[in-house]
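What follows is query05.pdb (PDB, C-alpha atoms, pLDDT in the B column).
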ATOM      1  CA  ASP A   1     -16.970 -19.792 -76.784  1.00 43.00           C
ATOM      2  CA  THR A   2     -16.700 -16.206 -78.049  1.00 48.00           C
ATOM      3  CA  THR A   3     -18.971 -13.440 -76.849  1.00 50.00           C
ATOM      4  CA  GLY A   4     -17.808 -10.354 -78.710  1.00 55.00           C
ATOM      5  CA  ALA A   5     -16.036  -7.212 -77.597  1.00 58.00           C
ATOM      6  CA  HIS A   6     -19.115  -5.756 -75.880  1.00 69.00           C
ATOM      7  CA  TYR A   7     -18.533  -8.085 -72.900  1.00 79.00           C
ATOM      8  CA  LYS A   8     -15.755  -7.628 -70.372  1.00 87.00           C
ATOM      9  CA  LEU A   9     -13.606 -10.569 -69.351  1.00 89.00           C
ATOM     10  CA  SER A  10     -14.770 -10.093 -65.761  1.00 92.00           C
ATOM     11  CA  GLN A  11     -18.354 -10.732 -66.919  1.00 92.00           C
ATOM     12  CA  ARG A  12     -17.520 -14.007 -68.673  1.00 91.00           C
ATOM     13  CA  LEU A  13     -14.489 -15.334 -66.785  1.00 93.00           C
ATOM     14  CA  LEU A  14     -16.350 -17.956 -64.747  1.00 94.00           C
ATOM     15  CA  ARG A  15     -18.291 -19.046 -67.812  1.00 92.00           C
ATOM     16  CA  TYR A  16     -15.064 -19.558 -69.777  1.00 91.00           C
ATOM     17  CA  ILE A  17     -13.499 -21.483 -66.920  1.00 92.00           C
ATOM     18  CA  GLN A  18     -16.542 -23.711 -66.581  1.00 92.00           C
ATOM     19  CA  GLY A  19     -16.513 -24.422 -70.316  1.00 90.00           C
ATOM     20  CA  LEU A  20     -12.846 -25.409 -70.240  1.00 89.00           C
ATOM     21  CA  ARG A  21     -13.390 -27.648 -67.239  1.00 90.00           C
ATOM     22  CA  LEU A  22     -16.259 -29.435 -68.980  1.00 90.00           C
ATOM     23  CA  ALA A  23     -14.066 -29.928 -72.037  1.00 88.00           C
ATOM     24  CA  PHE A  24     -11.032 -31.313 -70.182  1.00 86.00           C
ATOM     25  CA  GLY A  25     -12.678 -32.977 -67.201  1.00 87.00           C
ATOM     26  CA  ILE A  26     -14.543 -31.388 -64.318  1.00 85.00           C
ATOM     27  CA  ARG A  27     -12.331 -33.085 -61.709  1.00 84.00           C
ATOM     28  CA  GLN A  28      -9.087 -32.223 -63.437  1.00 87.00           C
ATOM     29  CA  LYS A  29      -6.791 -29.941 -61.424  1.00 89.00           C
ATOM     30  CA  VAL A  30      -6.191 -26.778 -63.436  1.00 91.00           C
ATOM     31  CA  ILE A  31      -4.334 -23.472 -63.217  1.00 92.00           C
ATOM     32  CA  PHE A  32      -5.796 -20.321 -64.773  1.00 93.00           C
ATOM     33  CA  LEU A  33      -3.768 -17.207 -65.526  1.00 92.00           C
ATOM     34  CA  PHE A  34      -5.767 -14.102 -66.382  1.00 93.00           C
ATOM     35  CA  ASP A  35      -5.025 -10.386 -66.502  1.00 91.00           C
ATOM     36  CA  LYS A  36      -6.752  -7.427 -64.865  1.00 92.00           C
ATOM     37  CA  GLY A  37      -9.642  -7.707 -67.291  1.00 91.00           C
ATOM     38  CA  GLY A  38     -10.965 -10.573 -65.168  1.00 93.00           C
ATOM     39  CA  TYR A  39     -10.666  -8.616 -61.904  1.00 95.00           C
ATOM     40  CA  LYS A  40     -13.923  -8.879 -59.942  1.00 95.00           C
ATOM     41  CA  ALA A  41     -14.412  -9.673 -56.275  1.00 95.00           C
ATOM     42  CA  GLN A  42     -17.120 -12.267 -56.942  1.00 95.00           C
ATOM     43  CA  ASN A  43     -14.833 -14.068 -59.412  1.00 96.00           C
ATOM     44  CA  PHE A  44     -12.059 -14.390 -56.833  1.00 96.00           C
ATOM     45  CA  GLY A  45     -14.545 -15.498 -54.183  1.00 95.00           C
ATOM     46  CA  GLN A  46     -15.926 -18.231 -56.426  1.00 94.00           C
ATOM     47  CA  LEU A  47     -12.495 -19.464 -57.478  1.00 95.00           C
ATOM     48  CA  ASN A  48     -11.251 -19.522 -53.887  1.00 94.00           C
ATOM     49  CA  ARG A  49     -14.006 -21.982 -52.991  1.00 92.00           C
ATOM     50  CA  SER A  50     -12.820 -24.546 -55.518  1.00 91.00           C
ATOM     51  CA  ARG A  51     -10.565 -27.412 -54.463  1.00 90.00           C
ATOM     52  CA  VAL A  52      -9.218 -28.130 -57.940  1.00 92.00           C
ATOM     53  CA  ILE A  53      -8.811 -24.642 -59.444  1.00 94.00           C
ATOM     54  CA  ARG A  54      -5.710 -22.548 -58.847  1.00 95.00           C
ATOM     55  CA  TYR A  55      -5.242 -19.112 -60.354  1.00 96.00           C
ATOM     56  CA  VAL A  56      -2.867 -16.144 -60.563  1.00 96.00           C
ATOM     57  CA  SER A  57      -4.024 -12.642 -61.514  1.00 95.00           C
ATOM     58  CA  PRO A  58      -2.577  -9.128 -61.088  1.00 95.00           C
ATOM     59  CA  ALA A  59      -4.045  -7.167 -58.183  1.00 96.00           C
ATOM     60  CA  LYS A  60      -5.355  -3.724 -59.099  1.00 96.00           C
ATOM     61  CA  ASN A  61      -3.905  -0.746 -57.229  1.00 95.00           C
ATOM     62  CA  THR A  62      -7.291   0.496 -56.096  1.00 95.00           C
ATOM     63  CA  SER A  63      -7.538   3.006 -53.260  1.00 95.00           C
ATOM     64  CA  GLY A  64      -8.970   0.301 -50.997  1.00 95.00           C
ATOM     65  CA  ASN A  65      -6.146  -2.114 -51.746  1.00 97.00           C
ATOM     66  CA  LYS A  66      -3.472   0.561 -51.304  1.00 96.00           C
ATOM     67  CA  LYS A  67      -4.851   1.538 -47.897  1.00 96.00           C
ATOM     68  CA  GLN A  68      -4.443  -2.051 -46.747  1.00 97.00           C
ATOM     69  CA  TRP A  69      -0.975  -2.402 -48.242  1.00 97.00           C
ATOM     70  CA  ASP A  70       0.209   0.910 -46.772  1.00 97.00           C
ATOM     71  CA  LYS A  71      -0.474  -0.470 -43.295  1.00 96.00           C
ATOM     72  CA  ILE A  72       1.974  -3.363 -43.701  1.00 97.00           C
ATOM     73  CA  PRO A  73       5.041  -2.729 -41.473  1.00 96.00           C
ATOM     74  CA  THR A  74       8.400  -2.311 -43.186  1.00 94.00           C
ATOM     75  CA  ASN A  75       9.885  -5.233 -41.259  1.00 96.00           C
ATOM     76  CA  LYS A  76       7.431  -7.589 -42.986  1.00 96.00           C
ATOM     77  CA  TYR A  77       9.178  -7.036 -46.323  1.00 97.00           C
ATOM     78  CA  ARG A  78      12.357  -8.684 -47.543  1.00 96.00           C
ATOM     79  CA  ASP A  79      14.615  -8.058 -50.521  1.00 96.00           C
ATOM     80  CA  PHE A  80      13.416  -9.884 -53.593  1.00 95.00           C
ATOM     81  CA  ILE A  81      14.922 -10.202 -57.080  1.00 94.00           C
ATOM     82  CA  HIS A  82      12.227 -10.377 -59.749  1.00 92.00           C
ATOM     83  CA  PRO A  83      12.669 -13.735 -61.568  1.00 89.00           C
ATOM     84  CA  THR A  84      12.204 -12.296 -65.091  1.00 84.00           C
ATOM     85  CA  LYS A  85      12.988  -8.564 -64.832  1.00 84.00           C
ATOM     86  CA  GLN A  86      16.048  -9.132 -62.603  1.00 84.00           C
ATOM     87  CA  GLU A  87      15.137  -5.993 -60.649  1.00 90.00           C
ATOM     88  CA  THR A  88      15.240  -5.757 -56.849  1.00 94.00           C
ATOM     89  CA  PHE A  89      11.962  -5.174 -54.991  1.00 95.00           C
ATOM     90  CA  LYS A  90      10.713  -5.369 -51.445  1.00 96.00           C
ATOM     91  CA  MET A  91       8.409  -8.381 -51.184  1.00 97.00           C
ATOM     92  CA  THR A  92       5.904  -9.700 -48.697  1.00 97.00           C
ATOM     93  CA  ILE A  93       3.111 -12.251 -48.714  1.00 96.00           C
ATOM     94  CA  THR A  94      -0.080 -10.818 -47.304  1.00 97.00           C
ATOM     95  CA  ARG A  95      -3.863 -11.065 -47.647  1.00 96.00           C
ATOM     96  CA  THR A  96      -6.105  -8.448 -49.225  1.00 97.00           C
ATOM     97  CA  LYS A  97      -9.764  -7.930 -48.332  1.00 96.00           C
ATOM     98  CA  LEU A  98     -12.223  -7.237 -51.147  1.00 96.00           C
ATOM     99  CA  LYS A  99     -15.744  -5.970 -50.640  1.00 92.00           C
ATOM    100  CA  GLY A 100     -18.326  -8.652 -51.259  1.00 89.00           C
ATOM    101  CA  ILE A 101     -16.271 -11.709 -50.293  1.00 91.00           C
ATOM    102  CA  GLY A 102     -15.551 -12.896 -46.794  1.00 88.00           C
ATOM    103  CA  LYS A 103     -12.143 -14.527 -47.057  1.00 92.00           C
ATOM    104  CA  PRO A 104      -9.149 -12.252 -47.832  1.00 95.00           C
ATOM    105  CA  ILE A 105      -7.115 -13.151 -50.917  1.00 96.00           C
ATOM    106  CA  ARG A 106      -3.552 -14.394 -50.704  1.00 96.00           C
ATOM    107  CA  THR A 107      -1.378 -11.678 -52.262  1.00 97.00           C
ATOM    108  CA  ILE A 108       2.251 -11.662 -53.388  1.00 96.00           C
ATOM    109  CA  LEU A 109       3.087  -7.968 -52.964  1.00 97.00           C
ATOM    110  CA  LEU A 110       6.095  -6.261 -54.531  1.00 96.00           C
ATOM    111  CA  LYS A 111       7.014  -2.731 -53.490  1.00 96.00           C
ATOM    112  CA  SER A 112       9.321  -0.232 -55.199  1.00 94.00           C
ATOM    113  CA  LYS A 113       9.672   3.526 -55.605  1.00 92.00           C
ATOM    114  CA  LYS A 114       7.123   3.306 -58.429  1.00 91.00           C
ATOM    115  CA  GLY A 115       4.509   1.781 -56.142  1.00 94.00           C
ATOM    116  CA  TYR A 116       2.950  -1.633 -55.635  1.00 96.00           C
ATOM    117  CA  GLN A 117       2.709  -4.666 -57.864  1.00 95.00           C
ATOM    118  CA  GLY A 118       0.511  -7.404 -56.472  1.00 96.00           C
ATOM    119  CA  PHE A 119      -0.493 -10.897 -57.579  1.00 97.00           C
ATOM    120  CA  PHE A 120      -3.705 -12.457 -56.297  1.00 97.00           C
ATOM    121  CA  ASN A 121      -3.614 -16.246 -56.062  1.00 96.00           C
ATOM    122  CA  ASN A 122      -5.067 -19.147 -54.125  1.00 95.00           C
ATOM    123  CA  PHE A 123      -1.997 -21.357 -53.955  1.00 95.00           C
ATOM    124  CA  ILE A 124      -1.268 -22.686 -50.495  1.00 88.00           C
ATOM    125  CA  ARG A 125       2.442 -23.535 -50.603  1.00 86.00           C
ATOM    126  CA  LEU A 126       3.794 -22.200 -53.896  1.00 90.00           C
ATOM    127  CA  LYS A 127       6.579 -19.655 -53.322  1.00 92.00           C
ATOM    128  CA  ALA A 128       6.482 -16.050 -54.514  1.00 93.00           C
ATOM    129  CA  LYS A 129       9.126 -16.512 -57.209  1.00 93.00           C
ATOM    130  CA  GLN A 130       7.302 -19.538 -58.635  1.00 94.00           C
ATOM    131  CA  ILE A 131       3.969 -17.680 -58.731  1.00 94.00           C
ATOM    132  CA  ILE A 132       5.431 -14.661 -60.513  1.00 93.00           C
ATOM    133  CA  LYS A 133       7.233 -16.858 -63.065  1.00 91.00           C
ATOM    134  CA  LEU A 134       3.994 -18.754 -63.579  1.00 91.00           C
ATOM    135  CA  TYR A 135       2.080 -15.568 -64.322  1.00 91.00           C
ATOM    136  CA  GLN A 136       4.812 -14.260 -66.629  1.00 86.00           C
ATOM    137  CA  SER A 137       4.401 -17.413 -68.720  1.00 82.00           C
ATOM    138  CA  HIS A 138       0.987 -16.130 -69.827  1.00 75.00           C
ATOM    139  CA  TRP A 139       2.786 -13.770 -72.214  1.00 70.00           C
ATOM    140  CA  ALA A 140       3.250 -16.794 -74.476  1.00 66.00           C
ATOM    141  CA  GLN A 141      -0.525 -16.700 -74.846  1.00 66.00           C
ATOM    142  CA  GLU A 142      -0.398 -12.984 -75.704  1.00 66.00           C
ATOM    143  CA  ASN A 143       2.279 -13.672 -78.291  1.00 68.00           C
ATOM    144  CA  SER A 144       0.191 -16.483 -79.794  1.00 70.00           C
ATOM    145  CA  TYR A 145      -2.777 -14.119 -80.057  1.00 68.00           C
ATOM    146  CA  ARG A 146      -0.567 -11.556 -81.786  1.00 72.00           C
ATOM    147  CA  ILE A 147       0.474 -14.168 -84.339  1.00 75.00           C
ATOM    148  CA  LEU A 148      -3.132 -15.257 -84.940  1.00 73.00           C
ATOM    149  CA  LYS A 149      -4.353 -11.679 -85.315  1.00 75.00           C
ATOM    150  CA  ASN A 150      -1.503  -9.905 -87.098  1.00 73.00           C
ATOM    151  CA  ASP A 151       0.511 -12.588 -88.882  1.00 74.00           C
ATOM    152  CA  LEU A 152      -2.312 -14.924 -89.890  1.00 75.00           C
ATOM    153  CA  GLY A 153      -5.000 -12.255 -90.101  1.00 75.00           C
ATOM    154  CA  LEU A 154      -7.633 -14.526 -88.600  1.00 71.00           C
ATOM    155  CA  ASP A 155      -9.859 -11.494 -87.988  1.00 72.00           C
ATOM    156  CA  TYR A 156     -10.545 -11.716 -91.717  1.00 73.00           C
ATOM    157  CA  LEU A 157     -12.337 -14.994 -92.433  1.00 74.00           C
ATOM    158  CA  PRO A 158     -15.465 -15.719 -94.474  1.00 75.00           C
ATOM    159  CA  LYS A 159     -18.536 -14.593 -92.521  1.00 72.00           C
ATOM    160  CA  ARG A 160     -22.265 -15.149 -92.708  1.00 64.00           C
ATOM    161  CA  LYS A 161     -24.249 -13.338 -95.358  1.00 63.00           C
ATOM    162  CA  LYS A 162     -25.462  -9.920 -94.275  1.00 62.00           C
ATOM    163  CA  LYS A 163     -29.024 -10.598 -95.484  1.00 61.00           C
ATOM    164  CA  ASN A 164     -29.819 -12.994 -92.670  1.00 61.00           C
ATOM    165  CA  PRO A 165     -26.742 -13.545 -90.460  1.00 57.00           C
ATOM    166  CA  LYS A 166     -28.683 -15.476 -87.794  1.00 59.00           C
ATOM    167  CA  LYS A 167     -30.053 -18.146 -90.127  1.00 61.00           C
ATOM    168  CA  ASP A 168     -27.230 -18.433 -92.667  1.00 61.00           C
ATOM    169  CA  ARG A 169     -24.615 -20.918 -91.524  1.00 68.00           C
ATOM    170  CA  LEU A 170     -20.925 -20.274 -91.766  1.00 69.00           C
ATOM    171  CA  ASN A 171     -19.309 -21.812 -94.816  1.00 74.00           C
ATOM    172  CA  THR A 172     -16.893 -24.186 -93.095  1.00 80.00           C
ATOM    173  CA  THR A 173     -15.294 -25.185 -96.409  1.00 83.00           C
ATOM    174  CA  ALA A 174     -14.475 -21.561 -97.216  1.00 83.00           C
ATOM    175  CA  ILE A 175     -13.168 -20.957 -93.693  1.00 82.00           C
ATOM    176  CA  GLY A 176     -11.008 -24.083 -93.858  1.00 85.00           C
ATOM    177  CA  PHE A 177      -9.565 -23.123 -97.234  1.00 86.00           C
ATOM    178  CA  VAL A 178      -8.787 -19.519 -96.263  1.00 84.00           C
ATOM    179  CA  THR A 179      -7.235 -20.692 -92.985  1.00 84.00           C
ATOM    180  CA  TRP A 180      -5.079 -23.213 -94.861  1.00 86.00           C
ATOM    181  CA  VAL A 181      -3.879 -20.554 -97.332  1.00 85.00           C
ATOM    182  CA  LYS A 182      -3.035 -18.157 -94.498  1.00 84.00           C
ATOM    183  CA  SER A 183      -1.182 -20.869 -92.568  1.00 85.00           C
ATOM    184  CA  PHE A 184       0.698 -22.037 -95.672  1.00 86.00           C
ATOM    185  CA  THR A 185       1.779 -18.457 -96.428  1.00 82.00           C
ATOM    186  CA  PHE A 186       2.814 -17.956 -92.801  1.00 83.00           C
ATOM    187  CA  ASN A 187       5.029 -21.064 -92.953  1.00 85.00           C
ATOM    188  CA  LEU A 188       6.602 -19.885 -96.211  1.00 83.00           C
ATOM    189  CA  LEU A 189       7.458 -16.540 -94.617  1.00 81.00           C
ATOM    190  CA  LYS A 190       8.992 -18.246 -91.572  1.00 82.00           C
ATOM    191  CA  ASP A 191      11.057 -20.508 -93.868  1.00 85.00           C
ATOM    192  CA  PHE A 192      12.086 -17.382 -95.754  1.00 80.00           C
ATOM    193  CA  GLY A 193      13.372 -15.886 -92.494  1.00 82.00           C
ATOM    194  CA  THR A 194      15.317 -19.050 -91.706  1.00 85.00           C
ATOM    195  CA  CYS A 195      16.999 -18.886 -95.121  1.00 83.00           C
ATOM    196  CA  LEU A 196      18.017 -15.260 -94.552  1.00 80.00           C
ATOM    197  CA  GLY A 197      19.935 -16.192 -91.410  1.00 82.00           C
ATOM    198  CA  LYS A 198      19.856 -16.149 -87.632  1.00 83.00           C
ATOM    199  CA  HIS A 199      19.168 -12.411 -87.385  1.00 82.00           C
ATOM    200  CA  TYR A 200      15.877 -12.836 -89.265  1.00 82.00           C
ATOM    201  CA  GLU A 201      14.588 -16.263 -88.243  1.00 81.00           C
ATOM    202  CA  GLY A 202      12.857 -14.963 -85.107  1.00 80.00           C
ATOM    203  CA  MET A 203      10.976 -12.145 -86.836  1.00 81.00           C
ATOM    204  CA  HIS A 204       7.194 -12.168 -87.141  1.00 80.00           C
ATOM    205  CA  ALA A 205       5.626 -12.796 -90.533  1.00 79.00           C
ATOM    206  CA  GLU A 206       4.146  -9.291 -90.623  1.00 78.00           C
ATOM    207  CA  THR A 207       7.687  -7.903 -90.226  1.00 80.00           C
ATOM    208  CA  PHE A 208       8.850  -9.823 -93.293  1.00 77.00           C
ATOM    209  CA  ILE A 209       5.919  -8.429 -95.235  1.00 76.00           C
ATOM    210  CA  ARG A 210       6.714  -4.883 -94.167  1.00 75.00           C
ATOM    211  CA  LYS A 211      10.478  -5.136 -94.698  1.00 75.00           C
ATOM    212  CA  PHE A 212      10.747  -7.310 -97.790  1.00 73.00           C
ATOM    213  CA  ILE A 213       7.429  -7.857 -99.535  1.00 70.00           C
ATOM    214  CA  ALA A 214       5.313  -4.715 -99.286  1.00 72.00           C
ATOM    215  CA  ARG A 215       7.927  -2.812-101.274  1.00 68.00           C
ATOM    216  CA  PRO A 216       7.566  -0.843-104.527  1.00 71.00           C
ATOM    217  CA  GLY A 217       8.903  -2.688-107.541  1.00 75.00           C
ATOM    218  CA  LYS A 218       8.137  -4.263-110.919  1.00 81.00           C
ATOM    219  CA  ILE A 219       7.357  -7.758-112.184  1.00 83.00           C
ATOM    220  CA  PHE A 220       8.588  -8.799-115.618  1.00 87.00           C
ATOM    221  CA  ILE A 221       6.954 -11.848-117.198  1.00 88.00           C
ATOM    222  CA  TYR A 222       9.096 -14.052-119.477  1.00 90.00           C
ATOM    223  CA  PRO A 223       8.171 -17.356-121.154  1.00 90.00           C
ATOM    224  CA  ASP A 224      10.254 -19.351-118.667  1.00 88.00           C
ATOM    225  CA  ARG A 225      10.366 -17.182-115.549  1.00 85.00           C
ATOM    226  CA  LEU A 226       9.180 -14.205-113.545  1.00 82.00           C
ATOM    227  CA  LEU A 227      11.651 -11.435-112.810  1.00 84.00           C
ATOM    228  CA  ILE A 228      10.931  -9.272-109.763  1.00 76.00           C
ATOM    229  CA  THR A 229      12.790  -5.988-109.462  1.00 78.00           C
ATOM    230  CA  LEU A 230      12.450  -4.185-106.127  1.00 69.00           C
ATOM    231  CA  ASP A 231      13.334  -0.603-105.395  1.00 72.00           C
ATOM    232  CA  PRO A 232      16.345  -0.247-103.049  1.00 69.00           C
ATOM    233  CA  PHE A 233      15.710  -0.677 -99.315  1.00 62.00           C
ATOM    234  CA  ARG A 234      17.704  -1.013 -96.154  1.00 63.00           C
ATOM    235  CA  ASP A 235      18.235  -4.791 -96.058  1.00 65.00           C
ATOM    236  CA  GLN A 236      18.695  -5.379 -99.774  1.00 62.00           C
ATOM    237  CA  GLU A 237      22.098  -7.062 -99.346  1.00 68.00           C
ATOM    238  CA  VAL A 238      20.659 -10.027 -97.486  1.00 70.00           C
ATOM    239  CA  LEU A 239      18.197 -10.594-100.325  1.00 67.00           C
ATOM    240  CA  ARG A 240      20.730 -10.363-103.134  1.00 64.00           C
ATOM    241  CA  PRO A 241      20.964 -14.174-103.590  1.00 69.00           C
ATOM    242  CA  TYR A 242      17.181 -14.367-103.999  1.00 63.00           C
ATOM    243  CA  VAL A 243      16.110 -11.363-106.094  1.00 57.00           C
ATOM    244  CA  THR A 244      17.467  -9.091-108.805  1.00 54.00           C
ATOM    245  CA  THR A 245      17.625  -5.393-107.916  1.00 46.00           C
TER
END

Kindly return the structure encoded in the file as structure tokens.
Amino acid sequence: DTTGAHYKLSQRLLRYIQGLRLAFGIRQKVIFLFDKGGYKAQNFGQLNRSRVIRYVSPAKNTSGNKKQWDKIPTNKYRDFIHPTKQETFKMTITRTKLKGIGKPIRTILLKSKKGYQGFFNNFIRLKAKQIIKLYQSHWAQENSYRILKNDLGLDYLPKRKKKNPKKDRLNTTAIGFVTWVKSFTFNLLKDFGTCLGKHYEGMHAETFIRKFIARPGKIFIYPDRLLITLDPFRDQEVLRPYVTT
């Protein structure tokens, strides 16, 4: 279910969640991780009323939230080592009131010289370290989106005709073919990185294109082969077994 960039996540969050629940089972227990784009008091209020939905989301440092957090006594905090950053913070578990909803939101609150970092959630027993690690795992989703957008270029797929975009259906055959070509090329680039060695196997496909493929050079056509001659570049030694320079 895509709505376009003119909608904010906060405007469609509950709709997305409902769609996913219908797809996977309305009674299925689920955990949703979403960033500050979904921040809206009514969203938190609705999610808090559910018995099967659990969520984690960053708390915004609004003036209203900061006023509440500033009132928390120092003795309520304890030393806390961030599970992924390995930095030391002061941590407390508190509740934050938001205008428009009655029940305050459970908040994992980290405090440092830079200010506050809070995590709204509706878990009952899950510990602070587990909640923060859980939210940090959502970066895998961000990385997947980066691969889809930049490496596979899925922003560029066959679209409806401009003459009548509402009536003309998408050409699913064309979309399937272009997607297959992009995916096949992506896999070739990843295999290429594996062949180059450990230093290169974790690079993104777009990096390979920038470093090794989108380079000035010449192609010579012979009856039995193609000869590609690239201009010198920084990592040419690692490519020496594969190309002629």

For segment 116-231 of chain A versus segment 44-59 of chain A, which residues have an atom no more than 8 Å away, and what is each residue's nearest atom pair and distance in Å rounded to one decimal, using all atoms listed in the file, chain-then-number order, as CSV?
residue,atom,partner,partner_atom,distance
A:Gln117,CA,A:Ala59,CA,7.2
A:Gly118,CA,A:Ala59,CA,4.9
A:Phe119,CA,A:Pro58,CA,4.4
A:Phe120,CA,A:Ser57,CA,5.2
A:Asn121,CA,A:Val56,CA,4.6
A:Asn122,CA,A:Arg54,CA,5.9
A:Phe123,CA,A:Arg54,CA,6.3
A:Ile131,CA,A:Val56,CA,7.2
A:Leu134,CA,A:Val56,CA,7.9
A:Tyr135,CA,A:Val56,CA,6.2

Compare A:Gln28, A:Thr207, A:Thr92, A:Asn65 by their minimum atom-to-atom distance to Asn150 of chain A, counting all atoms listed in the file, and give me the closest one.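 Among A:Gln28, A:Thr207, A:Thr92, A:Asn65, it is A:Thr207 that comes nearest to Asn150 of chain A.
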
What separation in Å, quoted to one decimal, exists between atom CA of Asp191 of chain A and atom CA of Glu206 of chain A?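 One can read the atom CA of Asp191 of chain A to atom CA of Glu206 of chain A distance as 13.6 Å.
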
Using the file's own x, y and z axes, what box holds all listed atoms of segment 199-203 of chain A with 3 Å on each side, keeping edges along x, y and z, and what are its centre and edge lengths in Å to one decimal, as lines of an AutoDock Vina configuration file?
center_x = 15.1
center_y = -14.2
center_z = -87.2
size_x = 14.2
size_y = 10.1
size_z = 10.2

The PyMOL selection byres ((chain A and resi 104) around 10) resolved against shown file, as a PyMOL selection string: chain A and resi 44-45+48+94-99+101-103+105-107

Where does the PyMOL selection byres ((chain A and resi 112) around 10) land in this file, that is, which residues does it pick, as number ranges by chain? A: 87-91, 110-111, 113-117

What gap, in Å, lies between atom CA of Phe186 of chain A and atom CA of His199 of chain A?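 Spanning atom CA of Phe186 of chain A to atom CA of His199 of chain A is a straight-line distance of 18.1 Å.
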
Check the smallest atom-to-atom distance from each of A:Gln18, A:Ile132, A:Asp224, A:Thr173 to Val30 of chain A using all atoms listed in the file, then report the winner.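 Closest to Val30 of chain A, using all atoms listed in the file: A:Gln18.
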
List as a ChimeraX atom specification the protein and nucleic acid residues near Gly37 of chain A, meaning an atom at most 8 Å away when all atoms listed in the file are counted, but skip any in the same chain fewer than 2 places from it. /A:8-10,34-35,39

Because the input lacks atoms here, generate all heavy atoms for segment 64-69 of chain A and report them as a PDB file, in the coordinates of the input.
ATOM      1  N   GLY A  64      -8.725   1.216 -52.120  1.00 95.00           N
ATOM      2  CA  GLY A  64      -8.970   0.301 -50.997  1.00 95.00           C
ATOM      3  C   GLY A  64      -7.825  -0.667 -50.785  1.00 95.00           C
ATOM      4  O   GLY A  64      -7.428  -0.930 -49.636  1.00 95.00           O
ATOM      5  N   ASN A  65      -7.279  -1.189 -51.862  1.00 97.00           N
ATOM      6  CA  ASN A  65      -6.146  -2.114 -51.746  1.00 97.00           C
ATOM      7  C   ASN A  65      -4.911  -1.395 -51.217  1.00 97.00           C
ATOM      8  O   ASN A  65      -4.191  -1.898 -50.349  1.00 97.00           O
ATOM      9  CB  ASN A  65      -5.843  -2.745 -53.103  1.00 97.00           C
ATOM     10  CG  ASN A  65      -6.901  -3.748 -53.534  1.00 97.00           C
ATOM     11  OD1 ASN A  65      -7.738  -4.161 -52.730  1.00 97.00           O
ATOM     12  ND2 ASN A  65      -6.874  -4.125 -54.799  1.00 97.00           N
ATOM     13  N   LYS A  66      -4.652  -0.193 -51.733  1.00 96.00           N
ATOM     14  CA  LYS A  66      -3.472   0.561 -51.304  1.00 96.00           C
ATOM     15  C   LYS A  66      -3.535   0.904 -49.816  1.00 96.00           C
ATOM     16  O   LYS A  66      -2.503   0.878 -49.129  1.00 96.00           O
ATOM     17  CB  LYS A  66      -3.349   1.836 -52.131  1.00 96.00           C
ATOM     18  CG  LYS A  66      -2.853   1.607 -53.549  1.00 96.00           C
ATOM     19  CD  LYS A  66      -2.705   2.934 -54.293  1.00 96.00           C
ATOM     20  CE  LYS A  66      -2.181   2.730 -55.696  1.00 96.00           C
ATOM     21  NZ  LYS A  66      -2.045   4.016 -56.433  1.00 96.00           N
ATOM     22  N   LYS A  67      -4.714   1.225 -49.323  1.00 96.00           N
ATOM     23  CA  LYS A  67      -4.851   1.538 -47.897  1.00 96.00           C
ATOM     24  C   LYS A  67      -4.435   0.348 -47.044  1.00 96.00           C
ATOM     25  O   LYS A  67      -3.799   0.510 -46.000  1.00 96.00           O
ATOM     26  CB  LYS A  67      -6.293   1.936 -47.596  1.00 96.00           C
ATOM     27  CG  LYS A  67      -6.671   3.326 -48.071  1.00 96.00           C
ATOM     28  CD  LYS A  67      -8.120   3.644 -47.719  1.00 96.00           C
ATOM     29  CE  LYS A  67      -8.510   5.037 -48.213  1.00 96.00           C
ATOM     30  NZ  LYS A  67      -9.936   5.356 -47.918  1.00 96.00           N
ATOM     31  N   GLN A  68      -4.823  -0.840 -47.487  1.00 97.00           N
ATOM     32  CA  GLN A  68      -4.443  -2.051 -46.747  1.00 97.00           C
ATOM     33  C   GLN A  68      -2.937  -2.303 -46.848  1.00 97.00           C
ATOM     34  O   GLN A  68      -2.282  -2.628 -45.857  1.00 97.00           O
ATOM     35  CB  GLN A  68      -5.203  -3.258 -47.293  1.00 97.00           C
ATOM     36  CG  GLN A  68      -6.718  -3.168 -47.140  1.00 97.00           C
ATOM     37  CD  GLN A  68      -7.422  -4.371 -47.737  1.00 97.00           C
ATOM     38  OE1 GLN A  68      -7.233  -5.500 -47.283  1.00 97.00           O
ATOM     39  NE2 GLN A  68      -8.234  -4.129 -48.764  1.00 97.00           N
ATOM     40  N   TRP A  69      -2.395  -2.128 -48.040  1.00 97.00           N
ATOM     41  CA  TRP A  69      -0.975  -2.402 -48.242  1.00 97.00           C
ATOM     42  C   TRP A  69      -0.094  -1.360 -47.543  1.00 97.00           C
ATOM     43  O   TRP A  69       0.993  -1.693 -47.069  1.00 97.00           O
ATOM     44  CB  TRP A  69      -0.667  -2.439 -49.739  1.00 97.00           C
ATOM     45  CG  TRP A  69      -1.430  -3.519 -50.475  1.00 97.00           C
ATOM     46  CD1 TRP A  69      -1.982  -4.649 -49.947  1.00 97.00           C
ATOM     47  CD2 TRP A  69      -1.725  -3.558 -51.882  1.00 97.00           C
ATOM     48  NE1 TRP A  69      -2.603  -5.392 -50.911  1.00 97.00           N
ATOM     49  CE2 TRP A  69      -2.470  -4.760 -52.110  1.00 97.00           C
ATOM     50  CE3 TRP A  69      -1.452  -2.715 -52.957  1.00 97.00           C
ATOM     51  CZ2 TRP A  69      -2.922  -5.115 -53.384  1.00 97.00           C
ATOM     52  CZ3 TRP A  69      -1.886  -3.077 -54.220  1.00 97.00           C
ATOM     53  CH2 TRP A  69      -2.620  -4.261 -54.428  1.00 97.00           C
TER      54      TRP A  69
END
